[in-house]
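Text of the file my_file-v7.txt, holding compact mmCIF, C-alpha atoms and all ligand atoms:
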```
# COMPACT_ATOMS: atom_id res chain seq x y z
CA MET A 1 6.54 15.79 -20.96
CA ILE A 2 4.99 15.34 -17.55
CA PRO A 3 5.79 11.92 -16.10
CA TYR A 4 3.26 10.03 -14.03
CA LEU A 5 5.84 9.88 -11.23
CA ASP A 6 9.33 11.35 -11.04
CA LEU A 7 11.24 9.07 -8.67
CA LYS A 8 14.57 10.49 -9.74
CA SER A 9 13.72 14.02 -8.65
CA ILE A 10 12.08 12.75 -5.46
CA ASN A 11 15.32 11.02 -4.46
CA LEU A 12 17.77 13.58 -5.85
CA ALA A 13 16.14 16.11 -3.52
CA HIS A 14 17.94 14.22 -0.72
CA GLN A 15 21.07 13.16 -2.60
CA ASP A 16 23.62 14.49 -0.11
CA GLU A 17 22.02 12.73 2.82
CA LEU A 18 21.49 9.53 0.82
CA ARG A 19 25.17 9.51 -0.23
CA THR A 20 26.26 10.03 3.36
CA ALA A 21 23.98 7.16 4.40
CA PHE A 22 25.59 4.95 1.75
CA ASP A 23 29.10 5.85 2.98
CA THR A 24 28.14 5.12 6.56
CA VAL A 25 27.02 1.61 5.65
CA LEU A 26 29.95 1.00 3.29
CA ASN A 27 32.43 2.04 5.95
CA SER A 28 30.72 0.07 8.68
CA GLY A 29 31.59 -3.24 7.02
CA TRP A 30 28.24 -4.61 8.29
CA TYR A 31 25.51 -5.05 5.70
CA ILE A 32 22.69 -7.18 7.11
CA MET A 33 20.84 -6.89 10.46
CA GLY A 34 22.89 -4.08 11.92
CA LYS A 35 22.55 -0.64 13.46
CA GLN A 36 20.74 0.99 10.54
CA LEU A 37 17.94 -1.57 10.64
CA GLU A 38 17.66 -1.33 14.41
CA GLN A 39 17.43 2.44 14.13
CA PHE A 40 14.86 2.30 11.35
CA GLU A 41 12.71 -0.17 13.24
CA GLN A 42 12.65 2.20 16.20
CA ASN A 43 12.02 5.24 14.02
CA TYR A 44 9.22 3.62 12.06
CA ALA A 45 7.47 2.23 15.17
CA LYS A 46 7.58 5.71 16.68
CA TYR A 47 6.29 7.32 13.49
CA ASN A 48 3.52 4.74 13.21
CA GLN A 49 2.60 4.95 16.91
CA THR A 50 2.95 1.23 17.47
CA SER A 51 5.11 -0.51 20.05
CA TYR A 52 7.03 -2.49 17.45
CA SER A 53 8.15 -2.42 13.86
CA ILE A 54 10.25 -5.01 12.10
CA GLY A 55 11.86 -4.65 8.73
CA VAL A 56 11.46 -7.36 6.10
CA ALA A 57 12.47 -7.74 2.46
CA ASN A 58 9.30 -6.35 0.84
CA GLY A 59 5.59 -5.74 1.32
CA LEU A 60 4.45 -9.13 0.03
CA ASP A 61 6.74 -10.85 2.57
CA ALA A 62 5.36 -8.57 5.30
CA LEU A 63 1.88 -9.93 4.50
CA ILE A 64 3.02 -13.56 4.19
CA LEU A 65 5.05 -13.50 7.42
CA SER A 66 2.10 -11.89 9.23
CA LEU A 67 -0.23 -14.69 8.11
CA LYS A 68 2.37 -17.32 9.05
CA ALA A 69 2.80 -15.84 12.52
CA LEU A 70 -0.99 -15.95 12.95
CA ASN A 71 -0.84 -19.64 12.02
CA ILE A 72 -3.04 -19.28 8.96
CA HIS A 73 -2.60 -22.31 6.74
CA GLU A 74 -4.10 -24.70 4.25
CA GLY A 75 -7.88 -24.98 4.45
CA ASP A 76 -8.33 -21.59 6.09
CA GLU A 77 -10.22 -18.71 4.48
CA VAL A 78 -9.11 -15.11 4.60
CA ILE A 79 -11.36 -12.17 3.69
CA VAL A 80 -9.74 -9.80 1.20
CA PRO A 81 -11.00 -6.85 -0.86
CA SER A 82 -12.08 -7.62 -4.42
CA ASN A 83 -10.51 -4.27 -5.32
CA THR A 84 -6.81 -4.38 -4.42
CA TYR A 85 -3.34 -4.98 -5.74
CA ILE A 86 -2.88 -8.73 -6.23
CA ALA A 87 -0.20 -8.94 -3.48
CA THR A 88 -2.98 -9.01 -0.87
CA TRP A 89 -4.44 -12.16 -2.42
CA LEU A 90 -1.08 -13.76 -3.19
CA ALA A 91 -0.04 -13.62 0.46
CA VAL A 92 -3.13 -15.65 1.37
CA SER A 93 -2.38 -18.17 -1.38
CA TYR A 94 1.27 -18.52 -0.34
CA VAL A 95 0.29 -19.81 3.11
CA GLY A 96 -2.14 -22.25 1.44
CA ALA A 97 -5.33 -20.44 2.47
CA ILE A 98 -8.16 -19.26 0.21
CA PRO A 99 -8.80 -15.55 -0.48
CA VAL A 100 -12.51 -14.70 -0.08
CA PRO A 101 -13.24 -11.41 -1.85
CA VAL A 102 -15.55 -8.68 -0.58
CA GLU A 103 -16.68 -5.74 -2.69
CA PRO A 104 -15.69 -2.12 -2.01
CA HIS A 105 -17.77 1.01 -1.67
CA TRP A 106 -17.92 2.68 -5.10
CA SER A 107 -17.22 6.02 -3.38
CA THR A 108 -13.98 5.29 -1.49
CA CYS A 109 -12.98 2.12 -3.40
CA ASN A 110 -12.13 0.55 -0.01
CA VAL A 111 -13.75 -2.65 1.28
CA ASN A 112 -17.36 -2.27 2.46
CA PRO A 113 -17.50 -3.63 6.04
CA SER A 114 -21.25 -4.28 5.87
CA LEU A 115 -20.59 -6.98 3.24
CA ILE A 116 -17.99 -8.84 5.33
CA GLU A 117 -20.21 -10.76 7.75
CA SER A 118 -22.08 -12.72 5.08
CA LYS A 119 -18.71 -14.10 3.86
CA ILE A 120 -17.61 -15.41 7.26
CA THR A 121 -17.70 -19.22 7.58
CA SER A 122 -16.35 -21.71 10.11
CA ARG A 123 -13.10 -21.74 8.10
CA THR A 124 -12.58 -17.95 8.15
CA LYS A 125 -9.48 -17.06 10.17
CA ALA A 126 -8.58 -13.51 9.23
CA ILE A 127 -9.45 -10.30 7.40
CA ILE A 128 -6.95 -8.29 5.37
CA PRO A 129 -8.35 -4.79 4.85
CA VAL A 130 -6.33 -2.67 2.44
CA ASN A 131 -5.86 1.09 2.77
CA LEU A 132 -6.06 1.64 -0.94
CA TYR A 133 -4.81 4.67 -2.88
CA GLY A 134 -3.77 6.38 0.40
CA GLN A 135 -7.09 6.22 2.21
CA VAL A 136 -7.69 4.11 5.32
CA ALA A 137 -10.38 1.41 5.27
CA GLU A 138 -13.13 1.60 7.90
CA MET A 139 -10.85 0.05 10.49
CA ASP A 140 -13.05 0.67 13.54
CA LYS A 141 -15.95 -1.26 11.99
CA ILE A 142 -13.65 -3.99 10.66
CA MET A 143 -11.97 -4.48 14.05
CA ALA A 144 -15.40 -4.71 15.71
CA ILE A 145 -16.47 -7.48 13.29
CA ALA A 146 -13.13 -9.26 13.78
CA ASN A 147 -13.42 -9.11 17.56
CA HIS A 148 -16.97 -10.42 17.46
CA TYR A 149 -16.01 -13.45 15.34
CA LYS A 150 -12.54 -13.83 16.93
CA LEU A 151 -10.73 -13.27 13.64
CA SER A 152 -7.22 -11.90 13.16
CA VAL A 153 -6.72 -8.70 11.21
CA VAL A 154 -3.69 -7.95 9.06
CA GLU A 155 -3.89 -4.40 7.79
CA ASP A 156 -2.34 -3.98 4.33
CA ASN A 157 -0.92 -0.50 4.72
CA ALA A 158 1.39 -0.46 1.70
CA GLN A 159 -0.34 2.62 0.28
CA ALA A 160 -1.30 4.76 3.26
CA GLN A 161 1.69 5.49 5.49
CA GLY A 162 0.72 8.49 7.59
CA ALA A 163 -3.02 8.50 6.84
CA LEU A 164 -5.46 8.88 9.73
CA CYS A 165 -8.68 7.04 10.56
CA ASN A 166 -10.67 8.76 13.32
CA GLY A 167 -7.41 10.36 14.43
CA LYS A 168 -5.47 7.08 14.64
CA LEU A 169 -2.67 6.19 12.23
CA ALA A 170 -3.04 3.71 9.38
CA GLY A 171 -0.96 0.66 10.17
CA SER A 172 -1.80 0.70 13.87
CA PHE A 173 -5.23 -0.98 13.85
CA GLY A 174 -4.65 -4.60 12.91
CA HIS A 175 -3.13 -7.32 15.08
CA LEU A 176 -0.34 -7.10 12.54
CA ASN A 177 0.11 -4.43 9.89
CA ALA A 178 2.11 -4.92 6.73
CA THR A 179 3.64 -2.14 4.69
CA SER A 180 5.91 -1.74 1.68
CA PHE A 181 8.74 0.65 0.92
CA TYR A 182 8.84 -0.21 -2.79
CA PRO A 183 10.39 2.88 -4.46
CA GLY A 184 7.06 4.22 -5.71
CA LYS A 185 5.29 4.04 -2.34
CA ASN A 186 4.82 7.20 -0.26
CA LEU A 187 7.83 6.17 1.83
CA GLY A 188 10.04 4.60 -0.83
CA ALA A 189 13.45 2.96 -0.52
CA LEU A 190 15.96 2.72 -3.38
CA GLY A 191 15.05 -0.93 -3.84
CA ASP A 192 12.75 -3.44 -2.21
CA ALA A 193 11.87 -3.18 1.48
CA GLY A 194 8.91 -3.66 3.79
CA ALA A 195 7.90 -3.75 7.44
CA ILE A 196 5.39 -5.10 9.91
CA THR A 197 4.07 -2.96 12.74
CA SER A 198 2.20 -4.19 15.80
CA ASN A 199 1.59 -3.77 19.51
CA ASP A 200 1.71 -7.55 20.06
CA GLU A 201 5.09 -8.52 21.47
CA ALA A 202 4.61 -12.27 21.10
CA LEU A 203 3.69 -12.05 17.40
CA ILE A 204 6.57 -9.69 16.71
CA LYS A 205 9.02 -12.09 18.40
CA GLN A 206 7.81 -14.90 16.15
CA ILE A 207 8.21 -12.83 13.01
CA LYS A 208 11.75 -11.80 14.03
CA VAL A 209 12.64 -15.48 14.08
CA LEU A 210 10.69 -16.32 10.89
CA ARG A 211 12.31 -13.59 8.78
CA ASN A 212 15.80 -14.85 9.62
CA TYR A 213 15.75 -18.58 8.77
CA GLY A 214 13.76 -19.41 11.88
CA SER A 215 16.85 -18.67 13.91
CA GLN A 216 17.44 -16.51 16.96
CA VAL A 217 20.96 -17.73 17.57
CA LYS A 218 23.00 -18.13 14.41
CA TYR A 219 23.02 -21.74 13.10
CA TYR A 220 20.38 -22.88 15.62
CA ASN A 221 16.99 -23.07 13.87
CA GLU A 222 13.82 -23.26 15.92
CA VAL A 223 11.32 -23.23 13.05
CA LYS A 224 11.40 -23.36 9.24
CA GLY A 225 11.81 -19.67 8.52
CA VAL A 226 12.69 -17.74 5.40
CA ASN A 227 15.27 -15.16 4.38
CA SER A 228 13.35 -11.89 4.38
CA ARG A 229 15.59 -9.23 5.87
CA LEU A 230 15.64 -5.50 5.22
CA ASP A 231 19.30 -4.80 4.41
CA GLU A 232 21.42 -2.07 6.00
CA LEU A 233 21.65 0.08 2.87
CA GLN A 234 17.90 0.28 2.39
CA ALA A 235 17.40 0.84 6.11
CA ALA A 236 19.91 3.71 6.01
CA PHE A 237 18.12 5.28 3.02
CA LEU A 238 14.77 4.86 4.76
CA ASN A 239 16.12 6.54 7.91
CA VAL A 240 16.83 9.58 5.72
CA LYS A 241 13.53 9.52 3.85
CA LEU A 242 11.29 8.89 6.86
CA LYS A 243 12.23 12.36 8.18
CA TYR A 244 10.61 13.89 5.11
CA LEU A 245 7.47 11.76 5.06
CA PRO A 246 5.33 14.29 7.01
CA SER A 247 6.26 17.18 4.70
CA ASP A 248 5.98 14.95 1.59
CA THR A 249 2.51 13.94 2.74
CA GLU A 250 1.46 17.56 3.20
CA GLU A 251 2.68 18.33 -0.29
CA ARG A 252 0.74 15.42 -1.79
CA GLN A 253 -2.39 16.57 0.05
CA ARG A 254 -1.89 20.13 -1.19
CA LEU A 255 -1.56 18.94 -4.81
CA ALA A 256 -4.63 16.72 -4.42
CA ALA A 257 -6.66 19.65 -3.10
CA ILE A 258 -5.76 21.63 -6.24
CA TYR A 259 -6.94 18.77 -8.47
CA ASP A 260 -10.11 18.49 -6.35
CA GLU A 261 -10.84 22.15 -6.86
CA GLN A 262 -9.87 22.50 -10.51
CA LEU A 263 -11.51 19.29 -11.73
CA ALA A 264 -14.71 19.57 -9.71
CA GLY A 265 -18.11 19.49 -11.41
CA ILE A 266 -17.05 17.93 -14.73
CA GLU A 267 -19.86 15.73 -16.01
CA GLY A 268 -18.78 12.12 -16.48
CA LEU A 269 -15.72 12.53 -14.25
CA THR A 270 -15.54 11.11 -10.72
CA LEU A 271 -12.83 12.44 -8.39
CA PRO A 272 -11.40 10.60 -5.35
CA GLN A 273 -13.95 10.62 -2.57
CA ASN A 274 -12.70 10.93 0.94
CA ALA A 275 -14.78 9.43 3.71
CA ASP A 276 -15.31 11.84 6.60
CA TYR A 277 -13.75 9.48 9.18
CA CYS A 278 -10.30 9.60 7.58
CA THR A 279 -7.61 11.53 5.74
CA SER A 280 -5.92 10.39 2.56
CA VAL A 281 -2.19 10.60 1.86
CA TYR A 282 -2.90 10.27 -1.89
CA HIS A 283 -0.57 7.42 -2.76
CA ILE A 284 -2.30 7.92 -6.06
CA TYR A 285 -4.80 10.44 -7.35
CA GLN A 286 -7.35 8.48 -9.37
CA ILE A 287 -10.00 9.92 -11.61
CA ARG A 288 -12.80 7.71 -12.91
CA THR A 289 -14.67 7.99 -16.18
CA PRO A 290 -16.38 5.59 -18.59
CA GLN A 291 -14.17 7.26 -21.23
CA ARG A 292 -11.03 6.07 -19.47
CA ASP A 293 -9.26 4.50 -22.46
CA ALA A 294 -9.93 7.55 -24.63
CA ILE A 295 -8.70 10.04 -22.04
CA GLN A 296 -5.59 7.96 -21.33
CA LYS A 297 -4.80 7.89 -25.05
CA TYR A 298 -5.37 11.64 -25.31
CA LEU A 299 -3.17 12.44 -22.30
CA THR A 300 -0.40 10.18 -23.64
CA GLU A 301 -0.50 12.07 -26.95
CA GLN A 302 -0.22 15.31 -24.98
CA GLY A 303 2.90 14.00 -23.19
CA ILE A 304 1.20 13.36 -19.86
CA GLY A 305 1.97 10.08 -18.10
CA THR A 306 -0.84 8.11 -16.45
CA VAL A 307 -1.17 4.64 -14.90
CA ILE A 308 -4.16 2.33 -14.37
CA HIS A 309 -4.38 1.01 -10.81
CA TYR A 310 -5.33 -1.74 -11.65
CA PRO A 311 -6.54 -2.87 -15.10
CA VAL A 312 -7.61 -6.40 -14.07
CA PRO A 313 -9.00 -7.21 -10.61
CA PRO A 314 -7.43 -10.27 -8.93
CA HIS A 315 -10.50 -12.50 -9.41
CA LEU A 316 -10.19 -12.16 -13.21
CA GLN A 317 -6.41 -12.68 -13.36
CA ASN A 318 -5.16 -15.91 -14.97
CA ALA A 319 -3.27 -16.53 -11.74
CA TYR A 320 -6.64 -17.09 -10.02
CA SER A 321 -8.38 -19.12 -12.71
CA GLU A 322 -8.65 -22.02 -10.21
CA LEU A 323 -11.23 -20.07 -8.21
CA ASN A 324 -13.50 -20.05 -11.30
CA TYR A 325 -14.75 -16.51 -10.97
CA GLN A 326 -16.49 -14.99 -13.96
CA LYS A 327 -16.86 -11.47 -15.28
CA GLY A 328 -19.71 -9.86 -13.35
CA ASP A 329 -18.99 -11.67 -10.06
CA PHE A 330 -17.58 -8.53 -8.45
CA PRO A 331 -19.12 -5.72 -10.49
CA ILE A 332 -17.89 -2.79 -8.39
CA ALA A 333 -14.25 -3.94 -8.54
CA GLU A 334 -14.67 -4.53 -12.27
CA LYS A 335 -16.21 -1.09 -12.86
CA ILE A 336 -13.31 0.52 -10.97
CA ALA A 337 -10.82 -1.46 -13.10
CA ASN A 338 -12.58 -0.28 -16.27
CA GLU A 339 -12.89 3.38 -15.34
CA THR A 340 -9.94 4.29 -13.12
CA LEU A 341 -6.95 6.36 -14.20
CA SER A 342 -4.18 7.69 -11.98
CA ILE A 343 -2.88 11.12 -12.98
CA PRO A 344 0.51 12.66 -12.10
CA LEU A 345 0.99 13.54 -8.44
CA TYR A 346 4.34 13.55 -6.66
CA GLN A 347 6.28 15.76 -4.30
CA GLY A 348 8.28 18.26 -6.34
CA MET A 349 5.63 18.51 -9.08
CA THR A 350 5.48 22.15 -10.14
CA GLU A 351 2.41 24.34 -10.33
CA ALA A 352 2.97 24.77 -14.07
CA GLN A 353 3.08 20.99 -14.57
CA GLN A 354 -0.08 20.48 -12.58
CA MET A 355 -1.89 23.27 -14.43
CA GLN A 356 -1.01 21.61 -17.73
CA VAL A 357 -2.50 18.29 -16.57
CA ILE A 358 -5.66 20.09 -15.44
CA GLU A 359 -5.95 22.03 -18.68
CA LYS A 360 -5.60 18.93 -20.83
CA ILE A 361 -8.22 17.05 -18.84
CA ARG A 362 -10.61 19.97 -19.14
CA THR A 363 -9.92 20.18 -22.87
CA PHE A 364 -10.72 16.48 -23.25
CA PHE A 365 -14.13 17.15 -21.70
CA ASN A 366 -14.61 20.14 -24.08
CA LEU A 367 -14.26 22.72 -21.33
C1 LIG B 1 2.88 -2.47 -3.11
C2 LIG B 1 1.82 -3.25 -2.46
C3 LIG B 1 2.07 -4.48 -1.83
C4 LIG B 1 3.35 -5.24 -1.96
O1 LIG B 1 4.52 -4.57 -1.71
P1 LIG B 1 5.90 -5.04 -2.37
O2 LIG B 1 6.91 -4.33 -1.55
O3 LIG B 1 5.89 -4.64 -3.79
O4 LIG B 1 5.99 -6.53 -2.21
C5 LIG B 1 1.04 -5.09 -1.13
N1 LIG B 1 -0.18 -4.54 -1.07
C6 LIG B 1 -0.47 -3.37 -1.68
C7 LIG B 1 -1.85 -2.81 -1.55
C8 LIG B 1 0.52 -2.70 -2.39
O5 LIG B 1 0.22 -1.55 -3.00
```
Take the structure I supplied and represent it as structure tokens, if you would.
Amino acid sequence: MIPYLDLKSINLAHQDELRTAFDTVLNSGWYIMGKQLEQFEQNYAKYNQTSYSIGVANGLDALILSLKALNIHEGDEVIVPSNTYIATWLAVSYVGAIPVPVEPHWSTCNVNPSLIESKITSRTKAIIPVNLYGQVAEMDKIMAIANHYKLSVVEDNAQAQGALCNGKLAGSFGHLNATSFYPGKNLGALGDAGAITSNDEALIKQIKVLRNYGSQVKYYNEVKGVNSRLDELQAAFLNVKLKYLPSDTEERQRLAAIYDEQLAGIEGLTLPQNADYCTSVYHIYQIRTPQRDAIQKYLTEQGIGTVIHYPVPPHLQNAYSELNYQKGDFPIAEKIANETLSIPLYQGMTEAQQMQVIEKIRTFFNL
């Protein structure tokens, strides 16, 4: 059995440090908004090369609070990728705005900036590019469009912590950048957690108030905020795991390079395509083939775990039936949904495990 992802082994690799982190918090008697969070916010801002980082409860909240701080509300339109995890769209809906989808490049699966301008109207207020699967969107081009039309940019960096775009780190391009430390993300907590990074002091100040009931001084509420705090335990765990993110990333890239080499040139099989302006941190390694369902079934029978990221694009989800999109409206996103399959890739995966995955895929294609 080769699992798609082995979170247990990823975390057990650091069990002594994680247990010490737990004891530190337990013994501190202080469990919310304390030293661990403060430390993590500093550490993550430094890692991400931004002036500020603030911890929040999860990645979806990081997106919602970013849009709230930018004063995006009912009647506004926000440009989103047609190919993304639904959280990107949901954040827009939660502030009352309308998600306006833009198709990706088939090659990188990330939003195609040249299709953005035709979707901009007088109601457009922001763009949320997503750094999908570990690869950064074309942030330089997107920022140039945003500056020209005076739009805000919230980078959804839940999947690309540590990736580079023209030498600059993912999560440092947008006016606000949202990320997630959901356990399966490249930097994963042992529960839910998220953060916002930015160089904009005024926006960060607002979000600090918003995430904590709209209050700066306890029991005095300036605005109607929410409860979206990153707790001390998760912050302590993340302080441990952040130290290993650079070496984890290198390991993921090394494994991806082996797949690239060993699976190259198979007819009917598309491998992840990296644009030359950026690096990928391979949050997932996705293969694409019109025979997706058959190969997934075959790999399952062979004891190899796989996941589809994602089987239904947001515009065809029941949750978005009110927008009245039909099959065929966003054909590239739909083709990705029909053909994509994520194969096992995680730090700690052995060479023997990876060779078995490769061999089974080659066998499926009669090689
Ligand atoms: C995981 C993810 C989110 C949401 O993060 P949560 O912590 O699960 O709320 C948002 N956007 C993308 C692209 C994601 O992959």
With only C-alpha atoms as the counted atoms, please give the residues lying no more than 10 Å from Gln161 of chain A, apart from itself and same-chain residues fewer than 6 positions off, as a list in words.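 Contacts, with the query itself left out: Tyr47, Asn48, Asn131, Gly134, Gln135, Val136, Leu169, Ala170, Gly171, Thr179, Ser180, Phe181, Lys185, Asn186, Leu187, Leu245, Pro246, Thr249, Ser280, Val281, Tyr282 and His283 of chain A.
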Writer output for current selection, C-alpha atoms, as a PDB file, keeping the file's coordinate frame:
```pdb
ATOM      1  CA  TYR A  47       6.290   7.320  13.490  1.00  0.00           C
ATOM      2  CA  ASN A  48       3.520   4.740  13.210  1.00  0.00           C
ATOM      3  CA  ASN A 131      -5.860   1.090   2.770  1.00  0.00           C
ATOM      4  CA  GLY A 134      -3.770   6.380   0.400  1.00  0.00           C
ATOM      5  CA  GLN A 135      -7.090   6.220   2.210  1.00  0.00           C
ATOM      6  CA  VAL A 136      -7.690   4.110   5.320  1.00  0.00           C
ATOM      7  CA  LEU A 169      -2.670   6.190  12.230  1.00  0.00           C
ATOM      8  CA  ALA A 170      -3.040   3.710   9.380  1.00  0.00           C
ATOM      9  CA  GLY A 171      -0.960   0.660  10.170  1.00  0.00           C
ATOM     10  CA  THR A 179       3.640  -2.140   4.690  1.00  0.00           C
ATOM     11  CA  SER A 180       5.910  -1.740   1.680  1.00  0.00           C
ATOM     12  CA  PHE A 181       8.740   0.650   0.920  1.00  0.00           C
ATOM     13  CA  LYS A 185       5.290   4.040  -2.340  1.00  0.00           C
ATOM     14  CA  ASN A 186       4.820   7.200  -0.260  1.00  0.00           C
ATOM     15  CA  LEU A 187       7.830   6.170   1.830  1.00  0.00           C
ATOM     16  CA  LEU A 245       7.470  11.760   5.060  1.00  0.00           C
ATOM     17  CA  PRO A 246       5.330  14.290   7.010  1.00  0.00           C
ATOM     18  CA  THR A 249       2.510  13.940   2.740  1.00  0.00           C
ATOM     19  CA  SER A 280      -5.920  10.390   2.560  1.00  0.00           C
ATOM     20  CA  VAL A 281      -2.190  10.600   1.860  1.00  0.00           C
ATOM     21  CA  TYR A 282      -2.900  10.270  -1.890  1.00  0.00           C
ATOM     22  CA  HIS A 283      -0.570   7.420  -2.760  1.00  0.00           C
TER      23      HIS A 283
END
```
So that I can check the surroundings of Lys224 of chain A, please list as a ChimeraX atom specification every protein, DNA and RNA residue that reaches within 12 Å of it, counting all atoms listed in the file and ignoring chain neighbours fewer than 5 positions away. /A:65,68-69,206-207,209-216
Mind writing the picked residues with C-alpha atoms as a PDB file, in the coordinates of the input?
```pdb
ATOM      1  CA  LEU A  65       5.050 -13.500   7.420  1.00  0.00           C
ATOM      2  CA  LYS A  68       2.370 -17.320   9.050  1.00  0.00           C
ATOM      3  CA  ALA A  69       2.800 -15.840  12.520  1.00  0.00           C
ATOM      4  CA  GLN A 206       7.810 -14.900  16.150  1.00  0.00           C
ATOM      5  CA  ILE A 207       8.210 -12.830  13.010  1.00  0.00           C
ATOM      6  CA  VAL A 209      12.640 -15.480  14.080  1.00  0.00           C
ATOM      7  CA  LEU A 210      10.690 -16.320  10.890  1.00  0.00           C
ATOM      8  CA  ARG A 211      12.310 -13.590   8.780  1.00  0.00           C
ATOM      9  CA  ASN A 212      15.800 -14.850   9.620  1.00  0.00           C
ATOM     10  CA  TYR A 213      15.750 -18.580   8.770  1.00  0.00           C
ATOM     11  CA  GLY A 214      13.760 -19.410  11.880  1.00  0.00           C
ATOM     12  CA  SER A 215      16.850 -18.670  13.910  1.00  0.00           C
ATOM     13  CA  GLN A 216      17.440 -16.510  16.960  1.00  0.00           C
TER      14      GLN A 216
END
```
Could the centre and edge lengths of an axis-aligned box, enclosing all atoms of segment 262-276 of chain A in the file with 4 Å extra on each side, be given in Å to one decimal as JSON?
```
{"center_x": -14.9, "center_y": 16.0, "center_z": -4.9, "size_x": 18.0, "size_y": 21.1, "size_z": 31.1}
```
Test item: residues at most 8 Å from segment 358-366 of chain A, all atoms listed in the file, excluding those fewer than 6 positions along its chain, as a PyMOL selection string: chain A and resi 259+262-263+266+295+298-299+302
Taking only C-alpha atoms and all ligand atoms into account, name the residue in A:Ile79, A:Ala62, A:Val153, A:Cys278 that is nearest to ligand LIG 1 (chain B). A:Ala62
Can you pull out every residue within 9 Å of Gln291 of chain A, counting all atoms listed in the file, but drop anything in the same chain fewer than 4 positions away, and send it as a list in words? Gly268, Leu269, Ile295, Gln296 and Glu339 of chain A
What does the distance from atom CA of Gly29 of chain A to atom CA of Val217 of chain A come to in Å, to one decimal?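 The value is 20.8 Å.
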For Gln15 of chain A, which of A:Ser118, A:Met355, A:Glu334, A:Leu190 is the closest residue, counting only C-alpha atoms? A:Leu190
Taking all atoms listed in the file into account, report as JSON, numbers by chain which residues have an atom no farther than 10 Å from an atom of ligand LIG 1 (chain B). {"A": [56, 57, 58, 59, 60, 61, 62, 63, 64, 83, 84, 85, 86, 87, 88, 89, 90, 91, 129, 130, 131, 132, 133, 134, 155, 156, 157, 158, 159, 160, 178, 179, 180, 181, 182, 183, 184, 185, 188, 189, 191, 192, 193, 194, 195, 283, 309]}
Written selection (C-alpha atoms) as a compact mmCIF listing (two decimals), keeping the file's coordinate frame:
```
# COMPACT_ATOMS: atom_id res chain seq x y z
CA VAL A 56 11.46 -7.36 6.10
CA ALA A 57 12.47 -7.74 2.46
CA ASN A 58 9.30 -6.35 0.84
CA GLY A 59 5.59 -5.74 1.32
CA LEU A 60 4.45 -9.13 0.03
CA ASP A 61 6.74 -10.85 2.57
CA ALA A 62 5.36 -8.57 5.30
CA LEU A 63 1.88 -9.93 4.50
CA ILE A 64 3.02 -13.56 4.19
CA ASN A 83 -10.51 -4.27 -5.32
CA THR A 84 -6.81 -4.38 -4.42
CA TYR A 85 -3.34 -4.98 -5.74
CA ILE A 86 -2.88 -8.73 -6.23
CA ALA A 87 -0.20 -8.94 -3.48
CA THR A 88 -2.98 -9.01 -0.87
CA TRP A 89 -4.44 -12.16 -2.42
CA LEU A 90 -1.08 -13.76 -3.19
CA ALA A 91 -0.04 -13.62 0.46
CA PRO A 129 -8.35 -4.79 4.85
CA VAL A 130 -6.33 -2.67 2.44
CA ASN A 131 -5.86 1.09 2.77
CA LEU A 132 -6.06 1.64 -0.94
CA TYR A 133 -4.81 4.67 -2.88
CA GLY A 134 -3.77 6.38 0.40
CA GLU A 155 -3.89 -4.40 7.79
CA ASP A 156 -2.34 -3.98 4.33
CA ASN A 157 -0.92 -0.50 4.72
CA ALA A 158 1.39 -0.46 1.70
CA GLN A 159 -0.34 2.62 0.28
CA ALA A 160 -1.30 4.76 3.26
CA ALA A 178 2.11 -4.92 6.73
CA THR A 179 3.64 -2.14 4.69
CA SER A 180 5.91 -1.74 1.68
CA PHE A 181 8.74 0.65 0.92
CA TYR A 182 8.84 -0.21 -2.79
CA PRO A 183 10.39 2.88 -4.46
CA GLY A 184 7.06 4.22 -5.71
CA LYS A 185 5.29 4.04 -2.34
CA GLY A 188 10.04 4.60 -0.83
CA ALA A 189 13.45 2.96 -0.52
CA GLY A 191 15.05 -0.93 -3.84
CA ASP A 192 12.75 -3.44 -2.21
CA ALA A 193 11.87 -3.18 1.48
CA GLY A 194 8.91 -3.66 3.79
CA ALA A 195 7.90 -3.75 7.44
CA HIS A 283 -0.57 7.42 -2.76
CA HIS A 309 -4.38 1.01 -10.81
```
What are the closest atom pairs, with distances in Å to one decimal, for each residue of segment 193-301 of chain A lying within 10 Å of segment 4-10 of chain A, using all atoms listed in the file, rows by chain and rising residue number, as a tab-separated table?
```
residue	atom	partner	partner_atom	distance
A:Lys241	CA	A:Ile10	CA	10.0
A:Asp248	CA	A:Ile10	CA	9.6
A:Ile284	CA	A:Leu5	CA	9.8
```
Tell me, as a list of chain:residue names, which residues lie within 12 Å of Gly34 of chain A, counting only C-alpha atoms; anything in the same chain fewer than 5 positions away does not count.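 The neighbour list is A:Thr24, A:Val25, A:Ser28, A:Gly29, A:Gln39, A:Phe40, A:Glu41, A:Gly55, A:Arg229, A:Leu230, A:Asp231, A:Glu232, A:Leu233, A:Gln234, A:Ala235, A:Ala236.
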Option closest in space to Cys165 of chain A, from A:His148, A:Lys141, A:Lys218, A:Arg123 [counting all atoms listed in the file]: A:Lys141
Just to confirm, what's the straight-line distance from atom CA of Asn338 of chain A to atom CA of Glu77 of chain A in Å (one decimal)?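 Pair atom CA of Asn338 of chain A / atom CA of Glu77 of chain A returns 27.9 Å.
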